[in-house]
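K.L.:
Sharing coords_12.txt, compact mmCIF, C-alpha atoms:
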```
# COMPACT_ATOMS: atom_id res chain seq x y z
CA MET V 702 110.01 157.15 67.31
CA ALA V 703 106.35 157.12 68.41
CA ILE V 704 105.48 154.88 65.45
CA GLN V 705 108.24 152.46 66.46
CA THR V 706 107.00 152.28 70.10
CA ASP V 707 103.46 151.62 68.86
CA SER V 708 104.71 148.86 66.59
CA ILE V 709 106.64 147.19 69.40
CA GLY V 710 103.54 147.38 71.56
CA GLN V 711 101.50 145.75 68.80
CA PHE V 712 104.15 143.11 68.35
CA ILE V 713 104.16 142.20 72.05
CA LEU V 714 100.37 142.13 72.06
CA LEU V 715 100.22 139.84 69.03
CA THR V 716 102.87 137.56 70.49
CA GLY V 717 101.01 137.43 73.79
CA ILE V 718 97.74 136.54 72.06
CA LEU V 719 99.46 133.86 70.02
CA PHE V 720 101.14 132.26 73.02
CA ALA V 721 97.93 132.41 75.06
CA PHE V 722 96.04 130.77 72.20
CA LEU V 723 98.68 128.04 71.87
CA ALA V 724 98.77 127.40 75.61
CA GLY V 725 94.95 127.30 75.67
CA SER V 726 94.89 124.81 72.79
CA ILE V 727 97.39 122.52 74.48
CA ILE V 728 95.53 122.65 77.81
CA TYR V 729 92.25 121.97 76.01
CA PHE V 730 93.84 119.00 74.26
CA VAL V 731 95.25 117.61 77.52
CA ILE V 732 91.83 117.83 79.19
CA LEU V 733 90.14 116.26 76.18
CA TYR V 734 92.71 113.48 76.06
CA ARG V 735 92.33 112.80 79.78
CA ASN V 736 88.54 112.52 79.36
CA ARG V 737 88.99 110.10 76.47
CA GLN V 738 91.44 108.07 78.56
CA LEU V 739 88.94 107.83 81.42
CA LYS V 740 86.08 106.96 79.08
CA ASN V 741 88.23 104.35 77.36
CA LYS V 742 89.25 102.84 80.71
CA GLN V 743 85.64 102.73 81.85
CA GLU V 744 84.56 101.00 78.63
CA GLN V 745 87.43 98.53 78.95
CA ASP V 746 86.45 97.75 82.56
CA GLU V 747 82.82 97.27 81.53
CA ARG V 748 83.85 94.93 78.69
CA GLU V 749 86.08 92.95 81.06
CA ALA V 750 83.30 92.69 83.66
CA ALA V 751 80.82 91.54 80.99
CA PHE V 752 83.34 89.00 79.73
CA ARG V 753 83.95 87.65 83.25
CA GLN V 754 80.19 87.40 83.83
CA GLU V 755 79.77 85.54 80.56
CA ILE V 756 82.55 83.09 81.47
CA LEU V 757 81.02 82.55 84.90
CA LYS V 758 77.58 82.01 83.39
CA THR V 759 79.00 79.41 81.02
CA GLN V 760 80.83 77.72 83.91
CA VAL V 761 77.62 77.58 85.93
CA GLU V 762 75.68 76.20 82.95
CA ILE V 763 78.29 73.50 82.31
CA GLN V 764 78.38 72.62 85.99
CA GLU V 765 74.60 72.39 86.11
CA GLN V 766 74.51 70.15 83.05
CA THR V 767 77.14 67.86 84.59
CA LEU V 768 75.37 67.73 87.93
CA GLU V 769 72.05 67.07 86.19
CA HIS V 770 73.64 64.23 84.26
CA ILE V 771 75.15 62.71 87.42
CA SER V 772 71.84 63.13 89.23
CA LYS V 773 69.95 61.32 86.46
CA GLU V 774 72.54 58.54 86.36
CA ILE V 775 72.26 58.05 90.12
CA HIS V 776 68.47 58.10 90.02
CA ASP V 777 67.83 56.08 86.87
CA ASN V 778 70.74 53.68 86.92
CA ILE V 779 72.44 53.11 90.27
CA THR V 780 69.34 53.25 92.48
CA GLN V 781 67.44 51.00 90.03
CA VAL V 782 70.20 48.40 90.16
CA LEU V 783 70.30 48.64 93.95
CA SER V 784 66.50 48.23 94.11
CA PHE V 785 66.87 45.10 92.01
CA VAL V 786 69.61 43.85 94.38
CA LYS V 787 67.31 44.54 97.35
CA LEU V 788 64.46 42.62 95.69
CA SER V 789 66.75 39.67 94.86
CA LEU V 790 68.01 39.59 98.44
CA GLY V 791 64.38 39.48 99.64
CA ASN V 792 63.62 36.55 97.36
CA LEU V 793 66.78 34.78 98.40
CA GLY V 794 65.95 35.30 102.10
CA ASN V 795 62.62 33.49 101.67
CA THR V 796 64.41 30.30 100.64
CA LEU V 797 66.90 30.26 103.57
CA ASP V 798 66.69 29.33 107.24
CA GLU V 799 66.05 31.94 109.98
CA ALA V 800 69.72 32.63 110.91
CA LYS V 801 70.73 33.33 107.32
CA LYS V 802 67.49 35.22 106.69
CA ALA V 803 68.37 37.66 109.49
CA LYS V 804 71.75 38.35 107.89
CA ILE V 805 70.13 38.83 104.48
CA ASN V 806 67.61 41.25 106.03
CA GLU V 807 70.49 43.25 107.53
CA SER V 808 72.04 43.52 104.09
CA ARG V 809 68.65 44.51 102.64
CA GLU V 810 68.33 47.31 105.18
CA LEU V 811 71.80 48.55 104.33
CA VAL V 812 70.94 48.56 100.64
CA ALA V 813 67.64 50.36 101.36
CA HIS V 814 69.54 52.97 103.38
CA THR V 815 72.03 53.44 100.52
CA ILE V 816 69.14 53.84 98.05
CA THR V 817 67.56 56.56 100.23
CA ASP V 818 70.90 58.37 100.59
CA LEU V 819 71.53 58.19 96.86
CA ARG V 820 68.03 59.50 96.10
CA ASP V 821 68.59 62.43 98.46
CA LEU V 822 71.95 63.11 96.85
CA SER V 823 70.40 62.91 93.40
CA LYS V 824 67.76 65.44 94.45
CA SER V 825 70.30 67.87 95.87
CA LEU V 826 72.28 67.73 92.62
CA SER V 827 69.29 68.14 90.36
CA PHE V 828 68.32 71.57 89.11
CA GLU V 829 64.77 70.41 88.37
CA HIS V 830 64.20 69.39 91.95
CA ILE V 831 65.27 72.80 93.27
CA ALA V 832 63.04 74.52 90.73
CA GLN V 833 60.12 72.31 91.74
CA ILE V 834 60.13 72.67 95.51
CA GLY V 835 61.83 76.05 95.93
CA LEU V 836 64.94 77.23 97.76
CA ALA V 837 63.71 77.12 101.37
CA LYS V 838 62.41 73.54 101.09
CA THR V 839 65.52 72.37 99.23
CA ILE V 840 67.76 73.84 101.93
CA GLU V 841 65.60 72.20 104.59
CA LYS V 842 66.05 68.82 102.91
CA GLU V 843 69.77 69.42 102.44
CA VAL V 844 70.09 70.24 106.15
CA GLU V 845 68.29 66.98 107.03
CA ARG V 846 70.57 65.04 104.72
CA ILE V 847 73.76 66.54 106.17
CA ASN V 848 72.58 66.15 109.77
CA LYS V 849 71.93 62.47 109.09
CA SER V 850 75.59 62.05 108.15
CA ASP V 851 76.73 63.36 111.60
CA LEU V 852 79.64 65.20 110.01
CA VAL V 853 78.50 68.60 111.21
CA ASP V 854 75.56 70.01 113.14
CA VAL V 855 73.63 72.23 110.75
CA SER V 856 70.84 74.52 111.93
CA LEU V 857 68.43 76.46 109.74
CA LEU V 858 66.53 79.60 110.65
CA THR V 859 64.01 81.12 108.25
CA GLU V 860 62.65 84.60 108.92
CA GLY V 861 59.83 86.37 107.10
CA GLN V 862 57.28 85.27 104.54
CA ILE V 863 58.87 82.91 102.01
CA TYR V 864 58.63 84.06 98.38
CA SER V 865 60.13 82.83 95.13
CA LEU V 866 63.34 84.47 93.93
CA GLY V 867 63.25 82.93 90.47
CA GLU V 868 64.75 79.65 89.31
CA GLN V 869 68.19 80.97 88.40
CA ARG V 870 68.68 82.95 91.60
CA GLU V 871 67.50 80.10 93.80
CA LEU V 872 69.78 77.66 92.03
CA VAL V 873 72.82 79.94 92.37
CA LEU V 874 72.02 80.60 96.05
CA PHE V 875 71.75 76.88 96.68
CA ARG V 876 75.12 76.29 95.01
CA ILE V 877 76.61 79.05 97.18
CA LEU V 878 75.23 77.26 100.22
CA GLN V 879 76.72 73.96 99.06
CA GLU V 880 80.08 75.66 98.48
CA GLY V 881 79.91 77.18 101.98
CA ILE V 882 79.12 73.82 103.61
CA ASN V 883 81.82 72.14 101.55
CA ASN V 884 84.39 74.74 102.69
CA ALA V 885 83.32 74.38 106.32
CA LEU V 886 83.74 70.60 106.19
CA LYS V 887 86.77 70.34 103.96
CA TYR V 888 89.00 73.18 105.19
CA ALA V 889 87.60 74.60 108.43
CA ASN V 890 86.72 71.35 110.27
CA ALA V 891 83.64 73.09 111.63
CA LYS V 892 81.40 71.38 114.20
CA HIS V 893 78.43 73.73 113.87
CA PHE V 894 77.02 75.42 110.82
CA LYS V 895 74.24 78.02 110.92
CA ILE V 896 72.07 78.95 107.95
CA ASN V 897 69.86 82.00 108.15
CA LEU V 898 67.33 82.91 105.46
CA GLN V 899 65.80 86.36 105.74
CA TYR V 900 62.86 87.15 103.49
CA GLN V 901 62.19 90.88 103.78
CA ALA V 902 59.94 92.94 101.54
CA ASP V 903 62.73 94.45 99.47
CA LEU V 904 65.75 92.42 100.53
CA PHE V 905 66.69 88.78 100.65
CA ASN V 906 69.61 87.70 102.79
CA LEU V 907 71.33 84.36 103.12
CA THR V 908 73.82 84.09 105.97
CA LEU V 909 76.13 81.14 106.50
CA GLU V 910 78.17 80.88 109.69
CA ASP V 911 80.56 78.21 110.88
CA ASP V 912 82.73 77.79 113.97
CA GLY V 913 85.70 76.31 112.12
CA GLY V 914 89.33 77.34 111.89
CA GLY V 915 88.66 80.46 109.81
CA PHE V 916 91.23 82.06 107.56
CA SER V 917 93.08 85.28 106.97
CA PRO V 918 91.15 87.84 104.87
CA ASP V 919 94.21 87.99 102.57
CA LEU V 920 93.19 84.57 101.28
CA LEU V 921 90.41 86.24 99.31
CA ASN V 922 93.03 87.88 97.11
CA ASN V 923 95.13 84.72 96.71
CA LYS V 924 94.84 82.08 94.05
CA SER V 925 93.99 79.49 96.71
CA GLY V 926 90.84 81.41 97.65
CA SER V 927 89.17 80.72 94.32
CA GLY V 928 86.17 78.99 95.95
CA LEU V 929 85.48 82.07 98.07
CA ARG V 930 85.90 84.40 95.10
CA ASN V 931 83.57 82.11 93.22
CA ILE V 932 80.92 82.78 95.86
CA GLN V 933 81.34 86.52 95.35
CA ASN V 934 81.23 86.17 91.56
CA ARG V 935 78.14 83.99 91.70
CA ALA V 936 76.40 86.50 93.97
CA ALA V 937 77.29 89.30 91.54
CA MET V 938 75.94 87.21 88.68
CA ILE V 939 72.45 87.20 90.23
CA GLY V 940 72.62 90.92 91.01
CA GLY V 941 73.56 90.51 94.67
CA SER V 942 76.63 90.96 96.80
CA ALA V 943 78.50 88.58 99.07
CA VAL V 944 80.40 89.71 102.14
CA ILE V 945 82.88 87.20 103.53
CA GLU V 946 84.22 87.82 107.02
CA SER V 947 86.74 85.59 108.74
CA ALA V 948 89.82 85.55 110.91
CA PRO V 949 92.11 82.68 111.91
CA GLY V 950 90.38 80.71 114.67
CA ALA V 951 87.21 82.78 114.52
CA GLY V 952 85.14 80.82 112.00
CA CYS V 953 83.69 82.26 108.86
CA ARG V 954 80.60 84.30 108.03
CA ILE V 955 79.25 84.61 104.51
CA SER V 956 76.38 86.99 103.90
CA VAL V 957 74.68 87.15 100.51
CA SER V 958 72.18 89.96 99.98
CA LEU V 959 70.10 90.79 96.97
CA ASN V 960 67.09 92.75 95.90
CA PRO V 961 64.49 90.14 94.92
CA PHE V 962 62.72 92.45 92.49
CA LYS V 963 65.79 93.65 90.61
CA GLN V 964 65.77 92.50 86.97
CA LEU V 965 68.68 90.29 85.95
CA MET Z 993 96.17 115.69 62.53
CA LEU Z 994 98.63 114.08 64.91
CA PHE Z 995 96.63 115.32 67.90
CA LYS Z 996 93.51 113.90 66.30
CA GLN Z 997 95.25 110.55 65.92
CA MET Z 998 96.19 110.62 69.59
CA LEU Z 999 92.57 111.30 70.52
CA SER Z 1000 91.34 108.45 68.33
CA TYR Z 1001 93.55 105.86 70.01
CA PRO Z 1002 94.13 106.99 73.60
CA THR Z 1003 96.49 104.83 75.63
CA GLN Z 1004 96.53 104.49 79.42
CA VAL Z 1005 99.98 106.10 79.72
CA ASN Z 1006 100.07 109.57 81.30
CA ILE Z 1007 100.11 112.16 78.53
CA ILE Z 1008 103.24 113.83 79.93
CA ARG Z 1009 105.13 110.56 79.49
CA GLN Z 1010 104.15 110.26 75.83
CA SER Z 1011 106.80 111.43 73.39
CA MET Z 1012 104.14 111.83 70.70
CA PHE Z 1013 102.50 114.58 72.77
CA TRP Z 1014 105.72 116.58 73.08
CA TYR Z 1015 106.54 116.09 69.42
CA ASN Z 1016 103.05 117.23 68.39
CA THR Z 1017 103.29 120.24 70.68
CA ALA Z 1018 106.67 121.15 69.17
CA ILE Z 1019 105.32 120.94 65.62
CA LEU Z 1020 102.18 122.90 66.50
CA PHE Z 1021 104.18 125.55 68.31
CA PHE Z 1022 106.71 125.92 65.51
CA SER Z 1023 104.19 126.02 62.67
CA ALA Z 1024 101.89 128.46 64.48
CA THR Z 1025 104.65 130.86 65.48
CA MET Z 1026 106.54 130.66 62.16
CA PHE Z 1027 103.53 131.91 60.26
CA LEU Z 1028 103.33 135.01 62.41
CA ASN Z 1029 107.07 135.32 62.59
CA LEU Z 1030 107.56 135.49 58.83
CA ALA Z 1031 104.74 137.96 58.43
CA LEU Z 1032 106.11 140.19 61.15
CA THR Z 1033 109.66 139.95 59.84
CA ASN Z 1034 108.51 141.20 56.44
CA TYR Z 1035 106.44 143.96 57.97
CA TYR Z 1036 109.14 145.24 60.31
CA SER Z 1037 111.89 145.13 57.71
CA GLU Z 1038 109.77 147.37 55.50
CA HIS Z 1039 108.48 149.83 58.11
CA LEU Z 1040 111.05 149.94 60.90
CA LYS Z 1041 114.69 150.69 60.88
CA LYS Z 1042 115.43 148.95 64.16
CA SER Z 1043 114.01 145.43 64.14
CA ASP Z 1044 116.24 143.61 66.69
CA ILE Z 1045 113.25 142.46 68.67
CA ILE Z 1046 112.05 140.18 65.86
CA PHE Z 1047 115.40 138.38 65.87
CA TYR Z 1048 115.14 137.74 69.60
CA PHE Z 1049 111.71 136.36 68.87
CA TRP Z 1050 113.28 134.01 66.28
CA TYR Z 1051 115.83 132.80 68.82
CA ILE Z 1052 113.23 132.20 71.54
CA ILE Z 1053 110.99 130.23 69.19
CA ASN Z 1054 113.87 128.07 68.02
CA ILE Z 1055 115.06 127.41 71.56
CA ILE Z 1056 111.55 126.43 72.71
CA PHE Z 1057 111.10 124.24 69.63
CA ASP Z 1058 114.41 122.45 70.24
CA LEU Z 1059 113.59 122.01 73.92
CA LEU Z 1060 110.22 120.43 73.08
CA LEU Z 1061 111.90 118.08 70.60
CA GLY Z 1062 114.51 117.24 73.24
CA VAL Z 1063 111.79 116.37 75.77
CA SER Z 1064 110.08 114.25 73.12
CA ILE Z 1065 113.29 112.29 72.42
CA MET Z 1066 113.99 111.86 76.15
CA THR Z 1067 110.51 110.53 76.93
CA ASP Z 1068 110.71 108.17 73.96
CA ARG Z 1069 114.10 106.91 75.14
CA LYS Z 1070 112.73 106.36 78.66
CA ALA Z 1071 109.75 104.44 77.26
CA ILE Z 1072 112.07 102.21 75.19
CA LEU Z 1073 114.34 101.54 78.19
CA LYS Z 1074 111.32 100.71 80.36
CA ALA Z 1075 109.97 98.34 77.71
CA ASN Z 1076 113.36 96.61 77.42
CA THR Z 1077 113.80 96.13 81.18
CA SER Z 1078 110.26 94.82 81.80
```
Could the structure of this file be written out as structure tokens, please?

P.N.:
Amino acid sequence: MAIQTDSIGQFILLTGILFAFLAGSIIYFVILYRNRQLKNKQEQDEREAAFRQEILKTQVEIQEQTLEHISKEIHDNITQVLSFVKLSLGNLGNTLDEAKKAKINESRELVAHTITDLRDLSKSLSFEHIAQIGLAKTIEKEVERINKSDLVDVSLLTEGQIYSLGEQRELVLFRILQEGINNALKYANAKHFKINLQYQADLFNLTLEDDGGGFSPDLLNNKSGSGLRNIQNRAAMIGGSAVIESAPGAGCRISVSLNPFKQL
Amino acid sequence: MLFKQMLSYPTQVNIIRQSMFWYNTAILFFSATMFLNLALTNYYSEHLKKSDIIFYFWYIINIIFDLLLGVSIMTDRKAILKANTS
């Protein structure tokens, strides 16, 4: 009888060990599987982010090539033809009487004005020009150009000692600025536009503010807000971050911050 | 082997909703317990006169195995229905 009790005890013990071992194995597997799932998800997210960045980079490159081409065409072709027209008008004016000469001179002035505008436009489109004179100067010139058009009153404030951010960053920041101005004019009907450049030792900040119609923050998640998302993606591409704040009727504020010494 | 396959190609579906997991657990449980079960059955039939307990053990193992297979089939059916509706 004693032998039988011992054997039952052993049997229960063995069974217990076996079940504990099985349960332990299953729990271990579940934990291991969960870790793999998380790792896999993380890798997938990283691949997707890299892919998006690559697409964006290609988009920016194509856009820059197109703009460069348009800029060269304006500079080398259209303005040259207009200069020739201006010269011809001058020659023609010399052969006419005073009354007609005055009219010809008016036309010459108009053509000269158009040539200047086109040259400015060509410069603002050209990547080379931005690389040559730097971001702050390019923005200054862009502000002058827009203010001349009387569409919107643009003001620029630069704080701190100006330093170079690198060609690519400056180009992307300038395109963000252009996108911001374009949005303010096209959708918000803004009357005033403020640009603030802050050059700090370890932080660069570009702030764009307008007093236009504004929009609901939900727009950032909609398909129609692709221009605004583009600003955020472009900022991420140069290692920065863009914060867009707006509300209906309260204008819009875009703040792009980046570490100037962070490697791309 | 089946667990290893699951680890090699993890999907984003919760493990509890994967019929493969329940099926693998059922097979692992059955194979691991059967080995011991057969050994113990032989031992007790030789050395003990009263060996009812081992038969209860048989029943419990079979019930758990069938339950695990049932869960596996149910989760698979749910996954198929979900795939068909979406």

K.L.:
Counting all atoms listed in the file, which residue out of V:Leu757, V:Leu739, V:Leu826, V:Ala800 sits closest to Gln1004 (chain Z)?

P.N.:
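That would be V:Leu739, the residue with the smallest distance to Gln1004 (chain Z).
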
K.L.:
For chain V, work out the contacting residues on chain Z at 10 Å, counting all atoms listed in the file, and write them as a PyMOL selection string.

P.N.:
chain Z and resi 995-996+998-1008+1013+1016-1017+1020-1021+1024-1025+1028-1029+1032+1036+1039-1043+1045-1046+1049

K.L.:
Tell me which protein, DNA and RNA residues are within 7 Å of Glu910 (chain V), counting all atoms listed in the file, leaving out same-chain ones fewer than 6 positions away, and put them as a PDB file with C-alpha atoms, in the coordinates of the input.

P.N.:
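Heads up, here's the output in selection.pdb:
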```
ATOM      1  CA  PHE V 894      77.020  75.420 110.820  1.00  0.00           C
ATOM      2  CA  LYS V 895      74.240  78.020 110.920  1.00  0.00           C
ATOM      3  CA  ILE V 896      72.070  78.950 107.950  1.00  0.00           C
ATOM      4  CA  CYS V 953      83.690  82.260 108.860  1.00  0.00           C
ATOM      5  CA  ARG V 954      80.600  84.300 108.030  1.00  0.00           C
ATOM      6  CA  ILE V 955      79.250  84.610 104.510  1.00  0.00           C
TER       7      ILE V 955
END
```

K.L.:
Quick one, how far is CA of Trp1050 (chain Z) from CA of Met1066 (chain Z)?

P.N.:
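CA of Trp1050 (chain Z) sits 24.3 Å away from CA of Met1066 (chain Z).
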
K.L.:
Find, counting only C-alpha atoms, the residue in V:Val944, V:Ala951, V:Ala885, V:His893 that gets nearest to Leu857 (chain V).

P.N.:
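Selected residue with least distance to Leu857 (chain V): V:His893.
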
K.L.:
Write out as a PyMOL selection string which residues come within 12 Å of Glu946 (chain V) when counting only C-alpha atoms, dropping same-chain ones fewer than 4 positions away.

P.N.:
chain V and resi 908-911+915-921+929+951-957

K.L.:
Do you know which residues lie at most 9 Å from (75.7, 86.4, 94.8), with coordinates as in the file and all atoms listed in the file counted, and could you write them as a list of chain:residue names?

P.N.:
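Looking at atoms near the point gives V:Arg870, V:Val873, V:Leu874, V:Ile877, V:Ile932, V:Gln933, V:Asn934, V:Arg935, V:Ala936, V:Ala937, V:Met938, V:Ile939, V:Gly940, V:Gly941, V:Ser942, V:Ala943, V:Val957, V:Ser958, V:Leu959.
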
K.L.:
Using Å and a single decimal, report how far CA of Leu819 (chain V) sits from CA of Ile775 (chain V).

P.N.:
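Between CA of Ile775 (chain V) and CA of Leu819 (chain V) the gap is 6.8 Å.
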
K.L.:
What does the structure give for the distance between CA of Leu858 (chain V) and CA of Lys892 (chain V), in Å to one decimal?

P.N.:
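Going from CA of Leu858 (chain V) over to CA of Lys892 (chain V) covers 17.4 Å.
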
K.L.:
Residues within 12 Å of Asn778 (chain V), please, as a count of residues only. Count only C-alpha atoms; anything in the same chain fewer than 6 positions from it doesn't count.

P.N.:
9

K.L.:
Compare V:Leu866, V:Leu822, V:Leu886, V:Leu783 by their minimum atom-to-atom distance to Leu904 (chain V), counting all atoms listed in the file, and give me the closest one.

P.N.:
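Smallest distance to Leu904 (chain V) is found for V:Leu866.
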
K.L.:
Using all atoms listed in the file, which of the listed residues (Z:Ile1055, Z:Leu1030, Z:Leu1060, Z:Ile1072) sits closest to Ala1018 (chain Z)?

P.N.:
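The answer is Z:Leu1060, which sits nearest to Ala1018 (chain Z).
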
K.L.:
Compare V:Ser850, V:Ala832, V:Glu765, V:Leu878 by their minimum atom-to-atom distance to His814 (chain V), counting only C-alpha atoms, and give me the closest one.

P.N.:
V:Ser850

K.L.:
Could the centre and edge lengths of an axis-aligned box, enclosing all atoms of region 944-949 of chain V in the file with 3 Å extra on each side, be given in Å to one decimal as lines of an AutoDock Vina configuration file?

P.N.:
```
center_x = 86.3
center_y = 86.2
center_z = 107.0
size_x = 17.7
size_y = 13.0
size_z = 15.8
```
